[in-house]
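Text of upload-v8.cif (mmCIF, C-alpha atoms) as supplied:
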data_protein
loop_
_atom_site.label_atom_id
_atom_site.label_comp_id
_atom_site.auth_asym_id
_atom_site.auth_seq_id
_atom_site.Cartn_x
_atom_site.Cartn_y
_atom_site.Cartn_z
CA MET S 1 400.60 134.09 28.11
CA LYS S 2 398.51 135.67 30.84
CA VAL S 3 398.21 133.81 34.15
CA PRO S 4 394.58 133.59 35.34
CA HIS S 5 393.79 135.81 38.30
CA LEU S 6 392.71 133.74 41.31
CA LEU S 7 391.07 134.87 44.51
CA SER S 8 390.59 133.07 47.80
CA ALA S 9 387.81 133.00 50.35
CA THR S 10 386.65 131.03 53.34
CA GLY S 11 383.73 128.73 52.69
CA VAL S 12 381.58 126.52 54.88
CA LEU S 13 380.90 122.86 54.22
CA ILE S 14 377.10 122.62 54.03
CA ALA S 15 376.53 119.01 52.89
CA PHE S 16 378.01 115.85 51.48
CA ILE S 17 376.80 114.57 48.12
CA GLU S 18 377.18 110.86 47.38
CA ARG S 19 378.04 110.06 43.79
CA ASP S 20 379.54 106.85 42.39
CA ALA S 21 380.22 105.46 45.91
CA ALA S 22 382.24 108.58 46.84
CA LEU S 23 381.44 111.68 48.90
CA TYR S 24 381.80 115.20 47.52
CA ALA S 25 381.57 118.40 49.55
CA ARG S 26 378.94 121.07 48.87
CA VAL S 27 380.45 124.39 49.91
CA ARG S 28 379.01 127.89 50.28
CA PHE S 29 381.12 131.05 50.20
CA ALA S 30 380.86 134.73 49.28
CA THR S 31 382.95 136.32 46.54
CA HIS S 32 385.01 139.45 47.07
CA ARG S 33 381.89 141.36 45.96
CA GLY S 34 379.64 139.60 48.46
CA GLN S 35 377.92 137.37 45.88
CA PRO S 36 376.85 134.07 47.51
CA VAL S 37 378.06 130.99 45.64
CA GLU S 38 377.57 127.26 46.18
CA PHE S 39 379.56 124.54 44.48
CA VAL S 40 380.23 120.82 44.76
CA SER S 41 383.87 119.76 44.96
CA SER S 42 385.23 118.09 41.86
CA THR S 43 387.23 115.56 43.85
CA PRO S 44 385.98 113.24 46.60
CA VAL S 45 386.57 114.15 50.24
CA LEU S 46 387.32 112.03 53.27
CA SER S 47 384.24 112.46 55.44
CA GLU S 48 386.18 111.24 58.48
CA SER S 49 388.29 114.39 58.37
CA GLN S 50 385.62 116.96 57.48
CA PHE S 51 382.21 117.72 58.94
CA VAL S 52 379.20 119.81 57.94
CA GLY S 53 379.79 123.26 59.40
CA ASP S 54 383.59 123.11 58.98
CA TYR S 55 385.31 126.06 57.34
CA VAL S 56 387.40 125.36 54.25
CA GLY S 57 389.67 127.44 52.06
CA VAL S 58 388.26 128.17 48.61
CA SER S 59 390.00 129.36 45.44
CA TYR S 60 388.10 130.83 42.50
CA ARG S 61 388.36 132.91 39.38
CA PRO S 62 386.44 136.18 39.78
CA GLU S 63 384.90 135.81 36.31
CA GLN S 64 383.66 132.28 37.11
CA PRO S 65 383.14 131.85 40.88
CA GLU S 66 380.81 128.86 40.41
CA GLY S 67 383.86 126.92 39.21
CA ALA S 68 385.53 127.27 42.64
CA TRP S 69 387.46 124.50 44.37
CA ILE S 70 388.59 123.64 47.86
CA SER S 71 392.17 124.80 48.27
#

Give the structure from this file in structure tokens form.
Amino acid sequence: MKVPHLLSATGVLIAFIERDAALYARVRFATHRGQPVEFVSSTPVLSESQFVGDYVGVSYRPEQPEGAWIS
């Protein structure tokens, strides 16, 4: 069984999205090829600990960077 290849990048928190009484982070980053990508976190964030403009670690699969997550 092949383990999926993961890459990491630094992203910037650009907004909070409210959904079902929870806040989710919208993050922008560039892939290893320089492709700009935006995604919304799949798990809620604590807004008290993160702010728009903060840098966050991002993990992604090179074949599907839009499925990235905050690491």

- Provide the CA of Val12 in chain S to CA of Phe29 in chain S distance in Å, to one decimal place. 6.5 Å

- Apply the PyMOL selection byres ((chain S and resi 16) around 8) to the displayed file and report the matching residues as an MDAnalysis selection string. chainID S and resid 14:15 17:18 23:26 52

- Item | Best match for closeness to Ser71 in chain S among S:Pro4, S:Glu48, S:Glu38, S:Val58, counting all atoms listed in the file | S:Val58

- Calculate how many Å separate CA of Ser59 in chain S from CA of Leu46 in chain S, rounding to one decimal. 19.2 Å

- Suppose you want the space between CA of Phe39 in chain S and CA of Ala68 in chain S; what is it in Å? 6.8 Å

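Checking S:Arg19, S:His5, S:Arg28, S:Arg33 one by one against Gly53 in chain S, counting all atoms listed in the file, you find the shortest gap at S:Arg28.
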
- Can you find the residues with an atom no farther than 9 Å from (378.2, 131.1, 38.7), counting all atoms listed in the file, and report them as a ChimeraX atom specification? /S:37-39,63-67

- Task: Can you turn the PyMOL selection byres ((chain S and resi 31) around 9) into a concrete residue list for this file, as a list in words?
- Result: Leu7, Ser8, Ala9, Phe29, Ala30, His32, Arg33, Gly34, Gln35, Pro36, Val37, Tyr60, Pro62 and Pro65 of chain S

So for range 46-64 of chain S, what box centre and size do we get, axis-aligned, 4 Å extra on each of the six sides, every listed atom, Å to one decimal, as lines of an AutoDock Vina configuration file?
center_x = 384.6
center_y = 123.7
center_z = 47.9
size_x = 18.8
size_y = 32.9
size_z = 31.1

- Query: Can you tell me, as an NGL selection string, what residues are no more than 7 Å from Tyr55 in chain S when counting all atoms listed in the file, ignoring any on the same chain fewer than 6 positions away?
  - Reply: :S and (10-13)

- Query: Counting only C-alpha atoms, which of S:Gln50, S:Arg61, S:Leu6, S:Val45 gets nearest to Ala21 in chain S?
  - Reply: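 So, comparing all the options, the nearest one is S:Val45.
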